[in-house]
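Asks: Contents of final-v1.cif (mmCIF, C-alpha atoms and all ligand atoms) are below:
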data_target
loop_
_atom_site.label_atom_id
_atom_site.label_comp_id
_atom_site.auth_asym_id
_atom_site.auth_seq_id
_atom_site.Cartn_x
_atom_site.Cartn_y
_atom_site.Cartn_z
CA MET C 1 0.00 0.00 0.00
CA THR C 2 1.24 3.43 -0.92
CA ARG C 3 0.01 6.74 0.45
CA MET C 4 0.36 9.04 -2.52
CA LEU C 5 0.02 12.82 -2.39
CA GLY C 6 -1.11 14.27 -5.74
CA ILE C 7 -0.64 17.87 -6.83
CA GLU C 8 -2.29 19.59 -9.82
CA THR C 9 -1.64 23.20 -10.91
CA SER C 10 -1.70 23.01 -14.72
CA CYS C 11 -4.43 25.57 -15.31
CA ASP C 12 -6.78 27.40 -12.94
CA GLU C 13 -7.39 24.81 -10.22
CA THR C 14 -5.01 24.43 -7.28
CA SER C 15 -5.63 20.89 -6.13
CA ALA C 16 -4.13 18.33 -3.75
CA SER C 17 -5.29 14.84 -2.86
CA VAL C 18 -4.19 11.84 -0.83
CA LEU C 19 -4.82 8.31 -2.11
CA ASN C 20 -4.00 5.05 -0.41
CA GLY C 21 -3.78 1.75 -2.20
CA ALA C 22 -2.14 -0.62 -4.63
CA GLY C 23 -2.97 -1.59 -8.23
CA ASP C 24 -6.63 -0.88 -9.00
CA GLU C 25 -7.55 -1.09 -5.28
CA VAL C 26 -7.26 2.55 -4.34
CA THR C 27 -9.13 4.68 -1.81
CA MET C 28 -9.40 8.42 -2.11
CA GLU C 29 -8.60 9.70 1.39
CA SER C 30 -9.01 13.37 0.54
CA LEU C 31 -9.42 15.80 -2.33
CA VAL C 32 -9.18 19.58 -2.16
CA ILE C 33 -9.87 21.66 -5.28
CA LEU C 34 -9.52 25.42 -5.13
CA SER C 35 -10.92 26.98 -8.32
CA GLN C 36 -9.56 30.38 -9.22
CA ASP C 37 -12.72 32.41 -9.70
CA VAL C 38 -10.76 35.57 -10.56
CA HIS C 39 -10.52 34.53 -14.25
CA ARG C 40 -14.29 34.91 -14.68
CA ILE C 41 -13.77 38.69 -14.73
CA PHE C 42 -11.55 38.31 -17.79
CA GLY C 43 -13.59 35.64 -19.58
CA GLY C 44 -10.61 33.30 -19.76
CA VAL C 45 -7.57 32.16 -17.80
CA VAL C 46 -4.89 34.86 -17.39
CA PRO C 47 -1.63 32.88 -17.09
CA GLU C 48 0.35 35.13 -14.78
CA ILE C 49 -2.57 35.57 -12.40
CA ALA C 50 -3.05 31.79 -12.38
CA SER C 51 0.61 31.24 -11.41
CA ARG C 52 0.46 33.78 -8.60
CA GLN C 53 -2.76 32.30 -7.23
CA HIS C 54 -1.22 28.82 -7.24
CA LEU C 55 1.76 30.23 -5.35
CA THR C 56 -0.50 31.67 -2.64
CA ALA C 57 -2.75 28.62 -2.43
CA ILE C 58 -0.43 25.63 -2.76
CA VAL C 59 0.69 25.32 0.89
CA PRO C 60 -2.80 25.71 2.44
CA VAL C 61 -4.36 23.37 -0.16
CA VAL C 62 -1.77 20.62 0.45
CA THR C 63 -1.97 21.10 4.23
CA ARG C 64 -5.74 20.76 4.08
CA ALA C 65 -5.63 17.64 1.88
CA ILE C 66 -3.28 15.89 4.32
CA ALA C 67 -5.38 16.95 7.32
CA ASP C 68 -8.64 15.85 5.64
CA ALA C 69 -7.08 12.41 5.17
CA GLY C 70 -6.46 12.33 8.92
CA LEU C 71 -2.72 12.15 8.30
CA THR C 72 0.45 14.16 8.76
CA LEU C 73 3.30 14.76 6.33
CA ASP C 74 5.16 11.85 7.96
CA ASP C 75 2.57 9.43 6.56
CA ILE C 76 3.08 10.39 2.90
CA ASP C 77 5.13 7.82 0.96
CA ALA C 78 5.46 9.61 -2.39
CA VAL C 79 4.32 12.69 -4.31
CA ALA C 80 2.89 12.83 -7.85
CA VAL C 81 2.69 16.12 -9.72
CA THR C 82 1.37 17.28 -13.09
CA HIS C 83 4.40 18.42 -15.09
CA ALA C 84 2.75 18.75 -18.55
CA PRO C 85 0.82 19.87 -20.54
CA GLY C 86 -0.56 23.20 -19.36
CA LEU C 87 0.39 26.77 -18.60
CA VAL C 88 4.11 26.62 -17.90
CA GLY C 89 4.10 29.24 -15.15
CA ALA C 90 1.23 27.46 -13.42
CA LEU C 91 2.83 24.01 -13.77
CA LEU C 92 6.13 25.32 -12.38
CA VAL C 93 4.47 26.15 -9.05
CA GLY C 94 3.27 22.58 -8.53
CA VAL C 95 6.47 21.03 -9.87
CA SER C 96 8.72 23.21 -7.67
CA PHE C 97 6.58 22.51 -4.63
CA ALA C 98 6.48 18.75 -5.22
CA LYS C 99 10.22 18.56 -5.78
CA ALA C 100 10.97 20.62 -2.68
CA LEU C 101 8.69 18.36 -0.64
CA ALA C 102 10.25 15.19 -2.05
CA PHE C 103 13.75 16.55 -1.50
CA GLY C 104 13.01 17.77 2.02
CA ARG C 105 11.26 14.57 3.14
CA GLY C 106 13.48 12.17 1.23
CA ILE C 107 10.48 10.61 -0.57
CA PRO C 108 10.08 9.77 -4.29
CA CYS C 109 8.48 12.16 -6.79
CA VAL C 110 6.61 11.08 -9.94
CA GLY C 111 5.83 13.40 -12.87
CA VAL C 112 2.37 12.91 -14.40
CA HIS C 113 0.99 13.87 -17.82
CA HIS C 114 -2.25 15.78 -17.19
CA MET C 115 -4.23 13.93 -19.89
CA GLU C 116 -3.14 10.55 -18.58
CA GLY C 117 -4.52 11.74 -15.23
CA HIS C 118 -7.93 12.32 -16.85
CA LEU C 119 -7.86 8.69 -18.12
CA PHE C 120 -7.58 7.44 -14.52
CA ALA C 121 -10.15 9.80 -12.93
CA THR C 122 -13.25 7.69 -13.57
CA ALA C 123 -11.62 4.56 -12.10
CA LEU C 124 -11.60 6.33 -8.72
CA GLU C 125 -15.42 6.21 -8.71
CA HIS C 126 -16.24 3.18 -10.85
CA ARG C 127 -14.44 -0.12 -10.22
CA ASP C 128 -15.15 -1.24 -13.78
CA ALA C 129 -13.77 1.85 -15.51
CA VAL C 130 -10.49 0.04 -16.13
CA PRO C 131 -8.82 -1.11 -19.39
CA PRO C 132 -9.46 -2.21 -22.00
CA PHE C 133 -11.75 0.70 -22.92
CA THR C 134 -12.41 3.43 -25.44
CA ALA C 135 -11.58 6.83 -23.94
CA LEU C 136 -13.02 10.18 -24.86
CA LEU C 137 -11.22 13.06 -23.16
CA VAL C 138 -12.96 16.36 -23.66
CA SER C 139 -11.67 19.38 -21.77
CA GLY C 140 -11.03 23.08 -22.22
CA GLY C 141 -7.69 22.40 -23.87
CA HIS C 142 -8.01 18.90 -25.35
CA THR C 143 -10.31 16.66 -27.35
CA LEU C 144 -8.83 13.19 -27.64
CA LEU C 145 -10.28 9.86 -28.68
CA MET C 146 -8.10 6.94 -27.59
CA ASP C 147 -8.10 3.20 -27.35
CA VAL C 148 -6.78 2.14 -23.96
CA GLU C 149 -5.58 -1.44 -24.22
CA ALA C 150 -4.06 -1.40 -20.72
CA TRP C 151 -2.91 1.29 -18.30
CA GLY C 152 0.19 2.73 -19.95
CA ARG C 153 -0.74 1.47 -23.46
CA TYR C 154 -2.63 4.11 -25.40
CA ARG C 155 -3.52 4.29 -29.08
CA MET C 156 -4.30 7.82 -30.23
CA LEU C 157 -7.24 7.66 -32.66
CA GLY C 158 -8.42 11.20 -33.16
CA ARG C 159 -8.12 14.73 -31.99
CA THR C 160 -9.56 18.12 -32.83
CA ARG C 161 -8.23 19.96 -35.86
CA ASP C 162 -8.92 23.32 -34.20
CA ASP C 163 -10.85 24.10 -30.99
CA ALA C 164 -11.14 21.68 -28.09
CA ALA C 165 -14.72 20.70 -27.18
CA GLY C 166 -14.67 22.77 -23.97
CA GLU C 167 -13.19 25.72 -25.84
CA ALA C 168 -16.07 25.48 -28.36
CA PHE C 169 -18.53 25.51 -25.44
CA ASP C 170 -16.78 28.53 -23.90
CA LYS C 171 -16.69 30.47 -27.20
CA VAL C 172 -20.31 29.71 -28.00
CA ALA C 173 -21.27 30.77 -24.45
CA LYS C 174 -19.54 34.10 -25.08
CA LEU C 175 -21.40 34.56 -28.40
CA ILE C 176 -24.71 33.84 -26.68
CA GLY C 177 -23.85 36.13 -23.77
CA LEU C 178 -23.35 33.48 -21.07
CA PRO C 179 -20.67 33.62 -18.34
CA TYR C 180 -17.26 31.86 -18.38
CA PRO C 181 -16.65 28.94 -18.17
CA GLY C 182 -19.55 28.44 -20.50
CA GLY C 183 -20.04 24.66 -20.72
CA PRO C 184 -22.58 24.17 -17.92
CA HIS C 185 -24.48 27.35 -18.91
CA VAL C 186 -24.77 26.26 -22.54
CA GLU C 187 -25.92 22.79 -21.42
CA ARG C 188 -28.65 24.28 -19.21
CA LEU C 189 -29.85 26.79 -21.82
CA ALA C 190 -29.80 24.15 -24.58
CA ALA C 191 -32.06 21.90 -22.52
CA THR C 192 -34.77 24.56 -22.77
CA GLY C 193 -34.33 25.04 -26.54
CA ASP C 194 -36.28 23.70 -29.50
CA PRO C 195 -34.16 21.02 -31.26
CA SER C 196 -35.90 21.44 -34.62
CA ARG C 197 -35.08 25.09 -35.32
CA PHE C 198 -31.29 25.14 -35.83
CA ARG C 199 -29.90 21.97 -37.34
CA PHE C 200 -26.23 22.81 -37.81
CA ALA C 201 -24.04 20.55 -39.98
CA ARG C 202 -22.36 17.73 -38.00
CA PRO C 203 -18.65 18.59 -38.19
CA MET C 204 -16.45 15.99 -39.92
CA LEU C 205 -19.16 13.35 -39.73
CA LYS C 206 -19.78 11.68 -43.08
CA ARG C 207 -21.08 8.20 -43.74
CA ASN C 208 -18.50 7.38 -46.40
CA GLN C 209 -15.51 7.86 -44.07
CA LEU C 210 -13.44 4.72 -43.44
CA PRO C 211 -11.05 3.67 -40.65
CA GLY C 212 -7.62 4.84 -41.76
CA ASP C 213 -9.00 8.07 -43.27
CA GLY C 214 -7.56 11.06 -41.40
CA ASP C 215 -11.02 12.39 -40.72
CA TYR C 216 -12.57 9.11 -39.54
CA TYR C 217 -11.81 9.96 -35.92
CA ASP C 218 -10.73 13.62 -35.99
CA VAL C 219 -13.18 16.43 -35.27
CA SER C 220 -13.31 20.15 -35.97
CA PHE C 221 -15.48 22.71 -34.23
CA SER C 222 -14.54 25.99 -35.92
CA GLY C 223 -17.18 25.66 -38.66
CA LEU C 224 -19.86 24.92 -36.08
CA LYS C 225 -18.76 27.94 -34.05
CA THR C 226 -19.02 30.15 -37.15
CA ALA C 227 -22.49 28.77 -37.90
CA VAL C 228 -23.51 29.71 -34.35
CA LEU C 229 -22.05 33.19 -34.80
CA HIS C 230 -24.13 33.76 -37.95
CA ALA C 231 -27.27 32.44 -36.27
CA VAL C 232 -26.75 34.72 -33.24
CA ARG C 233 -26.21 37.75 -35.49
CA ALA C 234 -29.27 37.01 -37.61
CA GLY C 235 -31.52 36.15 -34.69
CA THR C 236 -32.91 37.79 -31.56
CA GLU C 237 -32.49 37.21 -27.84
CA ASP C 238 -35.43 34.76 -27.95
CA ASP C 239 -33.61 32.51 -30.44
CA ARG C 240 -30.69 31.89 -28.11
CA PRO C 241 -31.98 28.78 -26.30
CA ASP C 242 -32.75 27.22 -29.70
CA ILE C 243 -29.32 28.16 -31.07
CA ALA C 244 -27.68 26.69 -27.95
CA ARG C 245 -29.72 23.52 -28.52
CA GLY C 246 -28.64 23.31 -32.17
CA PHE C 247 -24.98 23.67 -31.18
CA HIS C 248 -25.27 21.21 -28.31
CA ASP C 249 -26.96 18.54 -30.41
CA ALA C 250 -24.39 18.85 -33.22
CA LEU C 251 -21.44 18.60 -30.84
CA VAL C 252 -22.89 15.70 -28.86
CA GLU C 253 -23.88 13.71 -31.94
CA THR C 254 -20.41 14.15 -33.45
CA ARG C 255 -18.70 13.02 -30.24
CA VAL C 256 -21.05 10.07 -29.79
CA GLU C 257 -20.75 8.80 -33.38
CA LYS C 258 -16.95 9.01 -33.50
CA THR C 259 -16.73 7.21 -30.16
CA ALA C 260 -19.08 4.51 -31.49
CA ARG C 261 -16.72 4.01 -34.45
CA ALA C 262 -13.81 3.36 -32.05
CA VAL C 263 -15.86 0.96 -29.90
CA GLU C 264 -16.78 -0.99 -33.03
CA GLN C 265 -13.29 -1.05 -34.55
CA PHE C 266 -11.61 -2.30 -31.35
CA GLY C 267 -14.53 -4.34 -30.02
CA ARG C 268 -14.51 -2.61 -26.64
CA GLU C 269 -17.23 -3.10 -24.05
CA ARG C 270 -16.50 -0.01 -22.01
CA VAL C 271 -16.34 3.71 -22.78
CA VAL C 272 -14.69 6.03 -20.28
CA LEU C 273 -15.28 9.77 -20.43
CA GLY C 274 -12.93 12.33 -18.93
CA GLY C 275 -12.18 16.05 -18.85
CA GLY C 276 -14.37 18.98 -17.83
CA VAL C 277 -16.90 18.43 -20.65
CA ALA C 278 -17.46 14.87 -19.36
CA GLY C 279 -19.39 16.56 -16.54
CA ASN C 280 -22.05 17.20 -19.23
CA ARG C 281 -24.94 14.85 -18.39
CA THR C 282 -26.60 15.28 -21.78
CA LEU C 283 -23.44 13.94 -23.46
CA ALA C 284 -23.18 10.99 -21.05
CA THR C 285 -26.84 10.08 -21.51
CA ALA C 286 -26.69 10.30 -25.32
CA MET C 287 -23.47 8.29 -25.28
CA GLN C 288 -25.03 5.50 -23.21
CA ALA C 289 -28.14 5.42 -25.42
CA ARG C 290 -25.93 4.92 -28.51
CA MET C 291 -23.64 2.40 -26.78
CA ASN C 292 -26.60 0.26 -25.75
CA ARG C 293 -26.87 -0.69 -29.42
CA LEU C 294 -23.23 -1.86 -29.35
CA GLY C 295 -23.44 -3.60 -26.00
CA ALA C 296 -21.00 -1.20 -24.33
CA THR C 297 -21.25 0.57 -20.96
CA VAL C 298 -20.37 4.23 -20.49
CA TYR C 299 -18.55 5.42 -17.37
CA ALA C 300 -18.56 9.15 -16.70
CA PRO C 301 -16.89 10.79 -13.73
CA SER C 302 -18.82 13.04 -11.35
CA ALA C 303 -18.34 16.76 -12.04
CA ARG C 304 -15.74 16.92 -9.25
CA LEU C 305 -13.51 14.29 -10.83
CA ALA C 306 -14.29 15.31 -14.43
CA THR C 307 -12.75 18.70 -13.86
CA ASP C 308 -9.04 19.21 -13.14
CA ASN C 309 -8.19 17.59 -9.83
CA ALA C 310 -5.22 16.11 -8.00
CA ALA C 311 -6.83 12.74 -7.21
CA MET C 312 -6.53 11.65 -10.84
CA ILE C 313 -2.89 12.81 -10.84
CA ALA C 314 -2.16 10.80 -7.69
CA ARG C 315 -3.90 7.77 -9.27
CA ALA C 316 -1.88 7.94 -12.52
CA GLY C 317 1.21 8.68 -10.41
CA LEU C 318 0.61 5.56 -8.34
CA PHE C 319 0.52 3.46 -11.53
CA HIS C 320 3.91 4.81 -12.63
CA PHE C 321 5.31 4.61 -9.10
CA GLU C 322 4.40 0.93 -8.88
CA ARG C 323 6.23 0.34 -12.16
CA GLY C 324 9.33 1.73 -10.46
CA GLU C 325 9.32 5.07 -12.24
CA ARG C 326 10.79 8.04 -10.36
CA ALA C 327 11.18 11.63 -11.51
CA PRO C 328 14.69 13.00 -11.32
CA LEU C 329 14.95 16.15 -9.21
CA ASP C 330 15.61 18.13 -12.40
CA LEU C 331 12.04 17.33 -13.51
CA ASN C 332 10.79 20.20 -15.68
CA ALA C 333 7.41 21.59 -16.76
CA PHE C 334 6.27 21.56 -20.40
CA ALA C 335 3.45 23.45 -22.13
CA SER C 336 2.95 20.51 -24.46
CA LEU C 337 4.18 16.94 -24.36
CA THR C 338 2.97 13.68 -25.92
CA ILE C 339 1.18 11.38 -23.52
CA PRO C 340 3.50 8.56 -22.37
CA GLY C 341 2.74 4.98 -23.40
CA LEU C 342 1.59 5.62 -26.96
CA VAL C 343 1.45 2.54 -29.15
CA HIS C 344 1.37 3.10 -32.88
CA ALA C 345 -0.82 1.77 -35.70
O1 LIG I 401 -10.84 19.55 -17.77
P1 LIG I 401 -11.19 20.96 -17.43
O2 LIG I 401 -11.72 21.25 -16.04
O3 LIG I 401 -9.98 21.91 -17.65
C1 LIG I 401 -9.10 21.76 -18.71
O4 LIG I 401 -8.12 20.97 -18.56
O5 LIG I 401 -9.37 22.39 -19.75
O6 LIG I 401 -12.26 21.44 -18.52
C2 LIG I 401 -12.84 22.73 -18.48
C3 LIG I 401 -13.81 22.85 -19.63
C4 LIG I 401 -14.35 24.25 -19.84
O7 LIG I 401 -14.20 24.56 -21.21
C5 LIG I 401 -15.82 24.14 -19.46
O8 LIG I 401 -16.65 25.03 -20.17
C6 LIG I 401 -16.11 22.70 -19.80
O9 LIG I 401 -14.94 22.00 -19.41
N1 LIG I 401 -17.29 22.18 -19.10
C7 LIG I 401 -18.42 21.77 -19.72
C8 LIG I 401 -19.31 21.37 -18.70
N2 LIG I 401 -18.69 21.54 -17.49
C9 LIG I 401 -17.45 22.03 -17.76
N3 LIG I 401 -18.72 21.73 -21.02
C10 LIG I 401 -19.95 21.27 -21.34
N4 LIG I 401 -20.88 20.91 -20.44
C11 LIG I 401 -20.62 20.93 -19.11
N5 LIG I 401 -21.54 20.55 -18.24
ZN ZN I 402 -7.89 18.90 -17.64
#
Once more with this new file: its structure as structure tokens, please.
Ligand code: KG4
Ligand code: ZN
Replies:
Amino acid sequence: MTRMLGIETSCDETSASVLNGAGDEVTMESLVILSQDVHRIFGGVVPEIASRQHLTAIVPVVTRAIADAGLTLDDIDAVAVTHAPGLVGALLVGVSFAKALAFGRGIPCVGVHHMEGHLFATALEHRDAVPPFTALLVSGGHTLLMDVEAWGRYRMLGRTRDDAAGEAFDKVAKLIGLPYPGGPHVERLAATGDPSRFRFARPMLKRNQLPGDGDYYDVSFSGLKTAVLHAVRAGTEDDRPDIARGFHDALVETRVEKTARAVEQFGRERVVLGGGVAGNRTLATAMQARMNRLGATVYAPSARLATDNAAMIARAGLFHFERGERAPLDLNAFASLTIPGLVHA
């Protein structure tokens, strides 16, 4: 059994968590997530402000996570920290802190790729959300469709050609006049809209696409965003719920159909959702309805674990730790980095 402290500071959440366990038998002892509300004023994350807020929050957040677990620093066996991808200044705060802690306490440190963390998040809540599965990671910065053969063995199937799914939600929210971050607001407004009024084209979804075609799994949301812009300009305030509904339906259907293609090609029986947009219940429900026809089960994390959090980082860190991986104390932070464990073709 390992007591792992996780630390996440890649964007605008300062988070720390303590897990205890081994293999897939892991208990979440605590999870503290401090969301930086200040960015709402600016309608997007301001990198330098994010870094400074992490710097102020990191010690109290870690202290609280250890106390909530009913432990002291002496009980922590190892520390896992997000070192990529993300805002470099923000990542550096967590990385510096984790290294200082590891150095000072003489305990091991493990560097974790943020997107690999999202792959592990759902397993903290659902025992069966373990490989092999098809993974759809949809966040503010990423939109990835992967086949997960085993932990640490990932096949990248598709990504977005332009905006990430969450980014599309946030931009559409702005166009419609909803607050940042826009995802939950667009979801709520769309639920009140008429689905028959705005039927936007499904981006990159054509029946004649074949596995192996570049666009079989990739998506693109910029055209959809532009279609929304034109509809908003041409319409009135009263049209906005219907426009939100049109956007929401197009995005969800695209995500669901591309995921179904992956489930069919690899014969998977489980679909695991991750990333902030996975907190979208409409997406999870539509996904399960479609997967019923393929005999697959969908596992979606709760909103707390869908969003950026340190528990998923500790969980991915534990996997690497158990494989004997240790970060050197010159561990660095990177704005972008390929996910480890990629298998090709
Ligand atoms: O994973 P995350 O917390 O941070 C990143 O790593 O980006 O994802 C944040 C994104 C935001 O774009 C937000 O608008 C979106 O997730 N989001 C949602 C919902 N909740 C959060 N998008 C659609 N529907 C939701 N319910
Ligand atoms: Zn994330």
Asks: I want to know what sits within 8 Å of Arg64 in chain C, based on all atoms listed in the file, with residues of the same chain fewer than 4 positions away left out; could you give that as a count of residues only?
Replies: 3
Asks: Could you tell me, as an mmCIF file with C-alpha atoms, keeping the file's coordinate frame, which residues have any atom at most 8 Å from (-7.1, 12.9, -16.9), counting only C-alpha atoms?
Replies:
data_model
loop_
_atom_site.group_PDB
_atom_site.id
_atom_site.type_symbol
_atom_site.label_atom_id
_atom_site.label_comp_id
_atom_site.auth_asym_id
_atom_site.auth_seq_id
_atom_site.Cartn_x
_atom_site.Cartn_y
_atom_site.Cartn_z
ATOM 1 C CA HIS C 114 -2.250 15.780 -17.190
ATOM 2 C CA MET C 115 -4.230 13.930 -19.890
ATOM 3 C CA GLU C 116 -3.140 10.550 -18.580
ATOM 4 C CA GLY C 117 -4.520 11.740 -15.230
ATOM 5 C CA HIS C 118 -7.930 12.320 -16.850
ATOM 6 C CA LEU C 119 -7.860 8.690 -18.120
ATOM 7 C CA PHE C 120 -7.580 7.440 -14.520
ATOM 8 C CA ALA C 121 -10.150 9.800 -12.930
ATOM 9 C CA LEU C 137 -11.220 13.060 -23.160
ATOM 10 C CA GLY C 274 -12.930 12.330 -18.930
ATOM 11 C CA GLY C 275 -12.180 16.050 -18.850
ATOM 12 C CA ALA C 306 -14.290 15.310 -14.430
ATOM 13 C CA ASP C 308 -9.040 19.210 -13.140
ATOM 14 C CA MET C 312 -6.530 11.650 -10.840
ATOM 15 C CA ILE C 313 -2.890 12.810 -10.840
#
Asks: What separation in Å, quoted to one decimal, exists between CA of Arg245 in chain C and CA of Ser139 in chain C?
Replies: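 About the pair CA of Arg245 in chain C and CA of Ser139 in chain C: they are 19.7 Å apart.
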Asks: Compile the contact shell of Glu29 in chain C as a short mmCIF file (atom, residue, chain, number, x, y, z; two decimals) with C-alpha atoms, in the coordinates of the input: residues with an atom at most 8 Å away, counting only C-alpha atoms, same-chain residues fewer than 4 positions apart removed.
Replies:
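Output contents, as saved in result-v5.cif:
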data_model
loop_
_atom_site.label_atom_id
_atom_site.label_comp_id
_atom_site.auth_asym_id
_atom_site.auth_seq_id
_atom_site.Cartn_x
_atom_site.Cartn_y
_atom_site.Cartn_z
CA SER C 17 -5.29 14.84 -2.86
CA VAL C 18 -4.19 11.84 -0.83
CA LEU C 19 -4.82 8.31 -2.11
CA ASN C 20 -4.00 5.05 -0.41
CA ASP C 68 -8.64 15.85 5.64
CA ALA C 69 -7.08 12.41 5.17
#
Asks: Closest to Tyr154 in chain C among C:Ala310, C:Leu342, C:Ala278, C:Ala300, using only C-alpha atoms?
Replies: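 Checking each of C:Ala310, C:Leu342, C:Ala278, C:Ala300 against Tyr154 in chain C, counting only C-alpha atoms, the winner is C:Leu342.
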Asks: For the interface of chain C with ligand LIG 401 (chain I) (cut-off 10 Å, counting all atoms listed in the file), please tabulate each contacting residue of chain C alongside its nearest pair of atoms and their separation in Å to one decimal, rows sorted by chain and increasing number, as a Markdown table.
Replies:
| residue | atom | partner | partner_atom | distance |
| --- | --- | --- | --- | --- |
| C:Ser10 | CA | I:LIG401 | O4 | 7.8 |
| C:Cys11 | CA | I:LIG401 | O4 | 6.7 |
| C:Asp12 | CA | I:LIG401 | O3 | 7.9 |
| C:Glu13 | CA | I:LIG401 | O2 | 8.1 |
| C:Ser35 | CA | I:LIG401 | O2 | 9.6 |
| C:Gly44 | CA | I:LIG401 | O7 | 9.6 |
| C:Pro85 | CA | I:LIG401 | O4 | 9.2 |
| C:Gly86 | CA | I:LIG401 | O4 | 7.9 |
| C:His114 | CA | I:LIG401 | O4 | 8.0 |
| C:Met115 | CA | I:LIG401 | O4 | 8.2 |
| C:His118 | CA | I:LIG401 | O1 | 7.8 |
| C:Leu137 | CA | I:LIG401 | O1 | 8.4 |
| C:Val138 | CA | I:LIG401 | O1 | 7.0 |
| C:Ser139 | CA | I:LIG401 | O6 | 3.9 |
| C:Gly140 | CA | I:LIG401 | O5 | 3.1 |
| C:Gly141 | CA | I:LIG401 | O5 | 4.4 |
| C:His142 | CA | I:LIG401 | O5 | 6.7 |
| C:Thr143 | CA | I:LIG401 | O5 | 9.6 |
| C:Ala164 | CA | I:LIG401 | O7 | 8.1 |
| C:Ala165 | CA | I:LIG401 | O7 | 7.1 |
| C:Gly166 | CA | I:LIG401 | O7 | 3.3 |
| C:Glu167 | CA | I:LIG401 | O7 | 4.9 |
| C:Ala168 | CA | I:LIG401 | O7 | 7.4 |
| C:Phe169 | CA | I:LIG401 | O8 | 5.6 |
| C:Asp170 | CA | I:LIG401 | O8 | 5.1 |
| C:Lys171 | CA | I:LIG401 | O7 | 8.8 |
| C:Val172 | CA | I:LIG401 | O8 | 9.8 |
| C:Ala173 | CA | I:LIG401 | O8 | 8.5 |
| C:Pro179 | CA | I:LIG401 | O8 | 9.7 |
| C:Tyr180 | CA | I:LIG401 | O8 | 7.1 |
| C:Pro181 | CA | I:LIG401 | O8 | 4.4 |
| C:Gly182 | CA | I:LIG401 | O8 | 4.5 |
| C:Gly183 | CA | I:LIG401 | N3 | 3.2 |
| C:Pro184 | CA | I:LIG401 | N5 | 3.8 |
| C:His185 | CA | I:LIG401 | N5 | 7.4 |
| C:Val186 | CA | I:LIG401 | N4 | 6.9 |
| C:Glu187 | CA | I:LIG401 | N4 | 5.5 |
| C:Arg188 | CA | I:LIG401 | N5 | 8.1 |
| C:His248 | CA | I:LIG401 | C10 | 8.8 |
| C:Leu251 | CA | I:LIG401 | C10 | 10.0 |
| C:Val252 | CA | I:LIG401 | C10 | 9.8 |
| C:Gly274 | CA | I:LIG401 | O1 | 7.6 |
| C:Gly275 | CA | I:LIG401 | O1 | 3.9 |
| C:Gly276 | CA | I:LIG401 | O6 | 3.3 |
| C:Val277 | CA | I:LIG401 | C7 | 3.8 |
| C:Ala278 | CA | I:LIG401 | C8 | 6.8 |
| C:Gly279 | CA | I:LIG401 | N5 | 4.8 |
| C:Asn280 | CA | I:LIG401 | N5 | 3.5 |
| C:Arg281 | CA | I:LIG401 | N5 | 6.6 |
| C:Thr282 | CA | I:LIG401 | N5 | 8.1 |
| C:Leu283 | CA | I:LIG401 | N4 | 8.0 |
| C:Ala303 | CA | I:LIG401 | N2 | 7.3 |
| C:Arg304 | CA | I:LIG401 | O2 | 9.0 |
| C:Leu305 | CA | I:LIG401 | O2 | 8.9 |
| C:Ala306 | CA | I:LIG401 | O1 | 6.4 |
| C:Thr307 | CA | I:LIG401 | O2 | 3.5 |
| C:Asp308 | CA | I:LIG401 | O2 | 4.4 |
| C:Asn309 | CA | I:LIG401 | O2 | 8.0 |
Asks: Would you mind listing what lies within 8 Å of Arg240 in chain C as a list in words, with only C-alpha atoms counted and same-chain residues fewer than 4 positions away left out?
Replies: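 The contact residues come out as Ile176, Gly193, Val232, Gly235, Thr236 and Ala244 of chain C.
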Asks: Give the answer as one residue: which of C:Asp163, C:Asp218, C:Asp194, C:Glu325 has the shortest atom-to-atom distance to Asp238 in chain C, using all atoms listed in the file?
Replies: C:Asp194
Asks: Using all atoms listed in the file, what residues lie at most 9 Å away from (-16.4, -2.5, -24.5) (file coordinates), given as a PyMOL selection string?
Replies: chain C and resi 132-134+263-264+266-271+294-298
Asks: Can I get the selection written as an mmCIF file, keeping the file's coordinate frame, with C-alpha atoms?
Replies:
data_model
loop_
_atom_site.group_PDB
_atom_site.id
_atom_site.type_symbol
_atom_site.label_atom_id
_atom_site.label_comp_id
_atom_site.auth_asym_id
_atom_site.auth_seq_id
_atom_site.Cartn_x
_atom_site.Cartn_y
_atom_site.Cartn_z
ATOM 1 C CA PRO C 132 -9.460 -2.210 -22.000
ATOM 2 C CA PHE C 133 -11.750 0.700 -22.920
ATOM 3 C CA THR C 134 -12.410 3.430 -25.440
ATOM 4 C CA VAL C 263 -15.860 0.960 -29.900
ATOM 5 C CA GLU C 264 -16.780 -0.990 -33.030
ATOM 6 C CA PHE C 266 -11.610 -2.300 -31.350
ATOM 7 C CA GLY C 267 -14.530 -4.340 -30.020
ATOM 8 C CA ARG C 268 -14.510 -2.610 -26.640
ATOM 9 C CA GLU C 269 -17.230 -3.100 -24.050
ATOM 10 C CA ARG C 270 -16.500 -0.010 -22.010
ATOM 11 C CA VAL C 271 -16.340 3.710 -22.780
ATOM 12 C CA LEU C 294 -23.230 -1.860 -29.350
ATOM 13 C CA GLY C 295 -23.440 -3.600 -26.000
ATOM 14 C CA ALA C 296 -21.000 -1.200 -24.330
ATOM 15 C CA THR C 297 -21.250 0.570 -20.960
ATOM 16 C CA VAL C 298 -20.370 4.230 -20.490
#
Asks: Quick one: everything within 12 Å of Ser196 in chain C, counting all atoms listed in the file, minus sequence neighbours fewer than 5 positions away in the same chain. Send it as a ChimeraX atom specification.
Replies: /C:241-247,249-250
Asks: How many Å separate CA of Val228 in chain C from CA of Leu210 in chain C?
Replies: 28.4 Å
Asks: Record the distance separating CA of Ala78 in chain C and CA of Ala314 in chain C, expressed in Å with one decimal.
Replies: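 Rounded to one decimal, the two atoms are 9.4 Å apart.
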